[in-house]
Amino acid sequence: MTSYATKRRLGSLLQYLLLGLAAFLSIFPFFWMVIGATNTTADIVRGKVSFGMALFANIADFFTKVDVPLVFWNSIKIAIFGTALTVLISAMAGYGFEMFRSRLRDRLYAVVLLTLMVPFAALMIPLFLLMSQAGLINTHVAIILPTLASAFIIFYFRQATKAFPGELRDAAKVDGLKEWQIFFYIYLPVMRSTFAAAFVIVFMMNWNNYLWPLIVLQSNETKTITLVVSSLASAYYPEYGTVMIGTILATLPTLFVFFAMQRQFVQGMLGSIK
């Protein structure tokens with residue numbers, strides 16, 4: 001009995017050690033970023049791991065070099081509009097794939113899932129040519145359009161819709177509701193945790209999107225915060241303290257969205273329906 005209890009304690013201790021190590025590895029980059037924001041470039045290059053006195057100088061340098069309200073507005077506009085449209089369209093597609101039955105449904109759904117296997121590098125040139133012919137180069141519309149239908153989010157909504165009570169849909173049809181009314185007035189409120197989780201996922205993807213905006217956005221007036229921070233980091237003589245300030249500011253919106261919707265995100269990922 002004593003041997004069994006000892007093994008359990010050792011197992012628990014090992015689990016806590018592994019979890020502590022994973023937490024440290026996850027938090028340390030952010031901790032290093034905060035420390036770097038308070039130090040000069042020379043201190044950062046030397047690997048200084050203590051707080052310095054250059055925080056306000058780095059903030060002033062960043063706000064001098066970057067039109068912060070403009071780049072944040074560009075990022076927020078792309079993230080909010082792109083996320084809202086992507087979640088809505090993908091939710092409708094996932095709802096339709098699960099609720100409507102036909103001979104071609106599963107084949108069409110398989111084609112949608114196959115698109116997940118196509119790397120974005122194979123789509124960049126065709127997308128660029130398409131946007132160029134449409135006259136959308138250097139516009140935010142060109143960033144939003146390719147992300148409107150996400151195969152992964154469609155898959156996510158279809159799997160979540162399997163837990164949606166079919167009796168609610170049948171009762172709504174008996175009451176005379178049309179399909180779009182069922183979707184907006186019944187399905188959406190019931191599946192709000194699923195929508196919240198999808199919103200967090202898509203928002204982070206849109207906010208952190210880098211490669212496609214780098215190709216399409218060509219003027220400083222249209223660039224996002226991720227592009228601006230990257231350009232500061234790739235300068236001939238980069239000021240790493242300034243870059244750290246930009247990185248912190250670019251990280252804050254995603255942290256705010258995640259922590260604000262953390263409970264709904266967990267419920268949605270677990271498939272909870274309320």
# chains A, B, ... in the order shown; residues from 1 in each chain; ligands from 1

$ select_by_dssp --residues "range 23-262 of chain A" --states "helix (DSSP H, G or I)" --output "PyMOL selection string"
chain A and resi 23-36+41-46+55-65+68-99+105-117+120-122+124-133+141-147+151-161+166-174+179-190+192-207+211-216+225-233+240-260+262

$ residues_around --residues "range 16-31 of chain A" --least-positions-apart "5" --cutoff "12 Å" --atoms "only C-alpha atoms" --output "list in words"
Arg9, Leu10, Gly11, Gly36, Ala37, Thr38, Val49, Ser50, Phe51, Met244, Ile245, Thr247, Ile248, Leu249, Thr251, Leu252 and Leu255 of chain A

$ write_last_selection --atoms "C-alpha atoms" --output "short mmCIF file (atom, residue, chain, number, x, y, z; two decimals), in the first residue's frame"
data_model
loop_
_atom_site.label_atom_id
_atom_site.label_comp_id
_atom_site.auth_asym_id
_atom_site.auth_seq_id
_atom_site.Cartn_x
_atom_site.Cartn_y
_atom_site.Cartn_z
CA ARG A 9 3.14 10.81 -5.47
CA LEU A 10 6.11 10.37 -7.79
CA GLY A 11 3.77 10.29 -10.78
CA GLY A 36 13.81 43.55 -24.06
CA ALA A 37 11.40 46.47 -24.33
CA THR A 38 13.12 48.09 -21.35
CA VAL A 49 17.89 39.24 -18.71
CA SER A 50 17.08 42.03 -16.27
CA PHE A 51 14.98 45.14 -16.64
CA MET A 244 10.03 44.65 -28.76
CA ILE A 245 7.67 47.57 -28.10
CA THR A 247 5.75 43.23 -30.75
CA ILE A 248 4.11 43.82 -27.37
CA LEU A 249 1.57 46.21 -28.89
CA THR A 251 0.31 40.94 -29.15
CA LEU A 252 -2.07 42.80 -26.83
CA LEU A 255 -4.47 38.44 -25.68
#

$ closest_residue --among "A:Ile154, A:Leu145, A:Ile76, A:Leu129" --to "Ala110 in chain A" --atoms "only C-alpha atoms"
A:Ile154

$ residues_around --residues "Ala54 in chain A" --least-positions-apart "3" --cutoff "8 Å" --atoms "only C-alpha atoms" --output "PDB file with N, CA, C and O atoms, in the first residue's frame"
ATOM      1  N   ALA A  37      11.989  45.152 -24.080  1.00  0.00           N
ATOM      2  CA  ALA A  37      11.399  46.469 -24.330  1.00  0.00           C
ATOM      3  C   ALA A  37      11.951  47.534 -23.402  1.00  0.00           C
ATOM      4  O   ALA A  37      11.825  48.727 -23.682  1.00  0.00           O
ATOM      5  N   THR A  38      12.576  47.124 -22.309  1.00  0.00           N
ATOM      6  CA  THR A  38      13.116  48.087 -21.352  1.00  0.00           C
ATOM      7  C   THR A  38      14.619  48.288 -21.511  1.00  0.00           C
ATOM      8  O   THR A  38      15.207  49.063 -20.744  1.00  0.00           O
ATOM      9  N   ASN A  39      15.232  47.603 -22.469  1.00  0.00           N
ATOM     10  CA  ASN A  39      16.680  47.657 -22.635  1.00  0.00           C
ATOM     11  C   ASN A  39      17.058  48.262 -23.986  1.00  0.00           C
ATOM     12  O   ASN A  39      16.227  48.332 -24.906  1.00  0.00           O
ATOM     13  N   THR A  40      18.294  48.650 -24.100  1.00  0.00           N
ATOM     14  CA  THR A  40      18.820  49.144 -25.363  1.00  0.00           C
ATOM     15  C   THR A  40      19.194  47.969 -26.262  1.00  0.00           C
ATOM     16  O   THR A  40      19.252  46.814 -25.819  1.00  0.00           O
ATOM     17  N   ALA A  57      12.293  55.541 -23.808  1.00  0.00           N
ATOM     18  CA  ALA A  57      13.019  55.905 -25.036  1.00  0.00           C
ATOM     19  C   ALA A  57      12.590  54.999 -26.184  1.00  0.00           C
ATOM     20  O   ALA A  57      12.418  55.468 -27.322  1.00  0.00           O
ATOM     21  N   ASN A  58      12.394  53.714 -25.912  1.00  0.00           N
ATOM     22  CA  ASN A  58      11.954  52.783 -26.948  1.00  0.00           C
ATOM     23  C   ASN A  58      10.527  53.085 -27.399  1.00  0.00           C
ATOM     24  O   ASN A  58      10.197  53.012 -28.584  1.00  0.00           O
ATOM     25  N   GLY A 241      15.025  47.095 -29.080  1.00  0.00           N
ATOM     26  CA  GLY A 241      14.112  47.580 -28.049  1.00  0.00           C
ATOM     27  C   GLY A 241      12.838  48.142 -28.655  1.00  0.00           C
ATOM     28  O   GLY A 241      11.734  47.889 -28.164  1.00  0.00           O
TER      29      GLY A 241
END

$ residues_around --residues "range 82-85 of chain A" --least-positions-apart "5" --cutoff "7 Å" --atoms "only C-alpha atoms" --output "number ranges by chain"
A: 144, 148, 199, 202-203

$ decode --residues "range 7-21 of chain A" --atoms "all heavy atoms" --output "PDB file, in the first residue's frame"
ATOM      1  N   LYS A   7       4.322   5.628  -5.475  1.00  0.00           N
ATOM      2  CA  LYS A   7       4.313   5.709  -6.937  1.00  0.00           C
ATOM      3  C   LYS A   7       3.365   6.806  -7.414  1.00  0.00           C
ATOM      4  O   LYS A   7       3.670   7.533  -8.369  1.00  0.00           O
ATOM      5  CB  LYS A   7       3.904   4.365  -7.530  1.00  0.00           C
ATOM      6  CG  LYS A   7       4.968   3.273  -7.386  1.00  0.00           C
ATOM      7  CD  LYS A   7       4.504   1.979  -8.034  1.00  0.00           C
ATOM      8  CE  LYS A   7       5.578   0.898  -7.913  1.00  0.00           C
ATOM      9  NZ  LYS A   7       5.143  -0.381  -8.535  1.00  0.00           N
ATOM     10  N   ARG A   8       2.218   6.916  -6.737  1.00  0.00           N
ATOM     11  CA  ARG A   8       1.275   7.965  -7.126  1.00  0.00           C
ATOM     12  C   ARG A   8       1.861   9.344  -6.882  1.00  0.00           C
ATOM     13  O   ARG A   8       1.714  10.249  -7.706  1.00  0.00           O
ATOM     14  CB  ARG A   8      -0.028   7.817  -6.337  1.00  0.00           C
ATOM     15  CG  ARG A   8      -0.886   6.628  -6.763  1.00  0.00           C
ATOM     16  CD  ARG A   8      -2.272   6.721  -6.179  1.00  0.00           C
ATOM     17  NE  ARG A   8      -2.957   7.933  -6.605  1.00  0.00           N
ATOM     18  CZ  ARG A   8      -4.176   8.281  -6.191  1.00  0.00           C
ATOM     19  NH1 ARG A   8      -4.825   7.521  -5.322  1.00  0.00           N
ATOM     20  NH2 ARG A   8      -4.733   9.390  -6.615  1.00  0.00           N
ATOM     21  N   ARG A   9       2.531   9.516  -5.763  1.00  0.00           N
ATOM     22  CA  ARG A   9       3.144  10.810  -5.465  1.00  0.00           C
ATOM     23  C   ARG A   9       4.244  11.138  -6.468  1.00  0.00           C
ATOM     24  O   ARG A   9       4.370  12.283  -6.929  1.00  0.00           O
ATOM     25  CB  ARG A   9       3.704  10.799  -4.047  1.00  0.00           C
ATOM     26  CG  ARG A   9       2.627  10.782  -2.967  1.00  0.00           C
ATOM     27  CD  ARG A   9       3.241  10.695  -1.586  1.00  0.00           C
ATOM     28  NE  ARG A   9       2.200  10.639  -0.554  1.00  0.00           N
ATOM     29  CZ  ARG A   9       2.455  10.457   0.740  1.00  0.00           C
ATOM     30  NH1 ARG A   9       3.716  10.329   1.158  1.00  0.00           N
ATOM     31  NH2 ARG A   9       1.458  10.426   1.610  1.00  0.00           N
ATOM     32  N   LEU A  10       5.052  10.144  -6.804  1.00  0.00           N
ATOM     33  CA  LEU A  10       6.111  10.370  -7.791  1.00  0.00           C
ATOM     34  C   LEU A  10       5.519  10.706  -9.159  1.00  0.00           C
ATOM     35  O   LEU A  10       6.036  11.568  -9.879  1.00  0.00           O
ATOM     36  CB  LEU A  10       7.008   9.137  -7.887  1.00  0.00           C
ATOM     37  CG  LEU A  10       7.922   8.877  -6.679  1.00  0.00           C
ATOM     38  CD1 LEU A  10       8.668   7.558  -6.860  1.00  0.00           C
ATOM     39  CD2 LEU A  10       8.904  10.023  -6.497  1.00  0.00           C
ATOM     40  N   GLY A  11       4.431  10.002  -9.509  1.00  0.00           N
ATOM     41  CA  GLY A  11       3.771  10.291 -10.782  1.00  0.00           C
ATOM     42  C   GLY A  11       3.204  11.698 -10.820  1.00  0.00           C
ATOM     43  O   GLY A  11       3.335  12.411 -11.824  1.00  0.00           O
ATOM     44  N   SER A  12       2.580  12.113  -9.702  1.00  0.00           N
ATOM     45  CA  SER A  12       2.036  13.468  -9.638  1.00  0.00           C
ATOM     46  C   SER A  12       3.152  14.503  -9.695  1.00  0.00           C
ATOM     47  O   SER A  12       3.027  15.541 -10.370  1.00  0.00           O
ATOM     48  CB  SER A  12       1.227  13.650  -8.351  1.00  0.00           C
ATOM     49  OG  SER A  12       0.137  12.761  -8.317  1.00  0.00           O
ATOM     50  N   LEU A  13       4.266  14.220  -8.982  1.00  0.00           N
ATOM     51  CA  LEU A  13       5.393  15.140  -8.998  1.00  0.00           C
ATOM     52  C   LEU A  13       5.967  15.283 -10.403  1.00  0.00           C
ATOM     53  O   LEU A  13       6.281  16.393 -10.850  1.00  0.00           O
ATOM     54  CB  LEU A  13       6.480  14.638  -8.040  1.00  0.00           C
ATOM     55  CG  LEU A  13       7.762  15.488  -7.964  1.00  0.00           C
ATOM     56  CD1 LEU A  13       7.432  16.897  -7.476  1.00  0.00           C
ATOM     57  CD2 LEU A  13       8.784  14.818  -7.064  1.00  0.00           C
ATOM     58  N   LEU A  14       6.071  14.160 -11.119  1.00  0.00           N
ATOM     59  CA  LEU A  14       6.581  14.195 -12.491  1.00  0.00           C
ATOM     60  C   LEU A  14       5.651  15.002 -13.398  1.00  0.00           C
ATOM     61  O   LEU A  14       6.119  15.786 -14.239  1.00  0.00           O
ATOM     62  CB  LEU A  14       6.746  12.772 -13.023  1.00  0.00           C
ATOM     63  CG  LEU A  14       7.288  12.639 -14.452  1.00  0.00           C
ATOM     64  CD1 LEU A  14       8.674  13.250 -14.549  1.00  0.00           C
ATOM     65  CD2 LEU A  14       7.314  11.177 -14.885  1.00  0.00           C
ATOM     66  N   GLN A  15       4.342  14.838 -13.220  1.00  0.00           N
ATOM     67  CA  GLN A  15       3.376  15.599 -14.017  1.00  0.00           C
ATOM     68  C   GLN A  15       3.516  17.095 -13.767  1.00  0.00           C
ATOM     69  O   GLN A  15       3.518  17.900 -14.703  1.00  0.00           O
ATOM     70  CB  GLN A  15       1.951  15.141 -13.687  1.00  0.00           C
ATOM     71  CG  GLN A  15       1.606  13.760 -14.215  1.00  0.00           C
ATOM     72  CD  GLN A  15       0.182  13.357 -13.858  1.00  0.00           C
ATOM     73  OE1 GLN A  15      -0.546  14.110 -13.208  1.00  0.00           O
ATOM     74  NE2 GLN A  15      -0.212  12.164 -14.264  1.00  0.00           N
ATOM     75  N   TYR A  16       3.643  17.474 -12.485  1.00  0.00           N
ATOM     76  CA  TYR A  16       3.785  18.894 -12.162  1.00  0.00           C
ATOM     77  C   TYR A  16       5.088  19.457 -12.712  1.00  0.00           C
ATOM     78  O   TYR A  16       5.141  20.613 -13.169  1.00  0.00           O
ATOM     79  CB  TYR A  16       3.713  19.099 -10.651  1.00  0.00           C
ATOM     80  CG  TYR A  16       2.313  19.032 -10.090  1.00  0.00           C
ATOM     81  CD1 TYR A  16       1.950  18.072  -9.161  1.00  0.00           C
ATOM     82  CD2 TYR A  16       1.339  19.941 -10.502  1.00  0.00           C
ATOM     83  CE1 TYR A  16       0.658  17.998  -8.652  1.00  0.00           C
ATOM     84  CE2 TYR A  16       0.044  19.891 -10.008  1.00  0.00           C
ATOM     85  CZ  TYR A  16      -0.291  18.915  -9.080  1.00  0.00           C
ATOM     86  OH  TYR A  16      -1.575  18.868  -8.599  1.00  0.00           O
ATOM     87  N   LEU A  17       6.147  18.658 -12.669  1.00  0.00           N
ATOM     88  CA  LEU A  17       7.415  19.122 -13.218  1.00  0.00           C
ATOM     89  C   LEU A  17       7.317  19.348 -14.722  1.00  0.00           C
ATOM     90  O   LEU A  17       7.799  20.362 -15.247  1.00  0.00           O
ATOM     91  CB  LEU A  17       8.514  18.104 -12.909  1.00  0.00           C
ATOM     92  CG  LEU A  17       8.994  18.051 -11.451  1.00  0.00           C
ATOM     93  CD1 LEU A  17      10.002  16.918 -11.271  1.00  0.00           C
ATOM     94  CD2 LEU A  17       9.609  19.376 -11.029  1.00  0.00           C
ATOM     95  N   LEU A  18       6.674  18.420 -15.426  1.00  0.00           N
ATOM     96  CA  LEU A  18       6.515  18.566 -16.869  1.00  0.00           C
ATOM     97  C   LEU A  18       5.620  19.745 -17.213  1.00  0.00           C
ATOM     98  O   LEU A  18       5.901  20.508 -18.149  1.00  0.00           O
ATOM     99  CB  LEU A  18       5.949  17.268 -17.462  1.00  0.00           C
ATOM    100  CG  LEU A  18       6.878  16.055 -17.441  1.00  0.00           C
ATOM    101  CD1 LEU A  18       6.156  14.817 -17.953  1.00  0.00           C
ATOM    102  CD2 LEU A  18       8.125  16.317 -18.274  1.00  0.00           C
ATOM    103  N   LEU A  19       4.529  19.905 -16.435  1.00  0.00           N
ATOM    104  CA  LEU A  19       3.636  21.040 -16.678  1.00  0.00           C
ATOM    105  C   LEU A  19       4.339  22.363 -16.375  1.00  0.00           C
ATOM    106  O   LEU A  19       4.158  23.350 -17.090  1.00  0.00           O
ATOM    107  CB  LEU A  19       2.373  20.905 -15.827  1.00  0.00           C
ATOM    108  CG  LEU A  19       1.398  19.796 -16.230  1.00  0.00           C
ATOM    109  CD1 LEU A  19       0.275  19.673 -15.211  1.00  0.00           C
ATOM    110  CD2 LEU A  19       0.823  20.060 -17.611  1.00  0.00           C
ATOM    111  N   GLY A  20       5.133  22.373 -15.306  1.00  0.00           N
ATOM    112  CA  GLY A  20       5.881  23.579 -14.983  1.00  0.00           C
ATOM    113  C   GLY A  20       6.888  23.929 -16.063  1.00  0.00           C
ATOM    114  O   GLY A  20       7.050  25.105 -16.422  1.00  0.00           O
ATOM    115  N   LEU A  21       7.569  22.913 -16.601  1.00  0.00           N
ATOM    116  CA  LEU A  21       8.520  23.143 -17.685  1.00  0.00           C
ATOM    117  C   LEU A  21       7.814  23.671 -18.929  1.00  0.00           C
ATOM    118  O   LEU A  21       8.295  24.612 -19.583  1.00  0.00           O
ATOM    119  CB  LEU A  21       9.269  21.848 -18.006  1.00  0.00           C
ATOM    120  CG  LEU A  21      10.272  21.908 -19.162  1.00  0.00           C
ATOM    121  CD1 LEU A  21      11.378  22.912 -18.841  1.00  0.00           C
ATOM    122  CD2 LEU A  21      10.851  20.529 -19.439  1.00  0.00           C
TER     123      LEU A  21
END
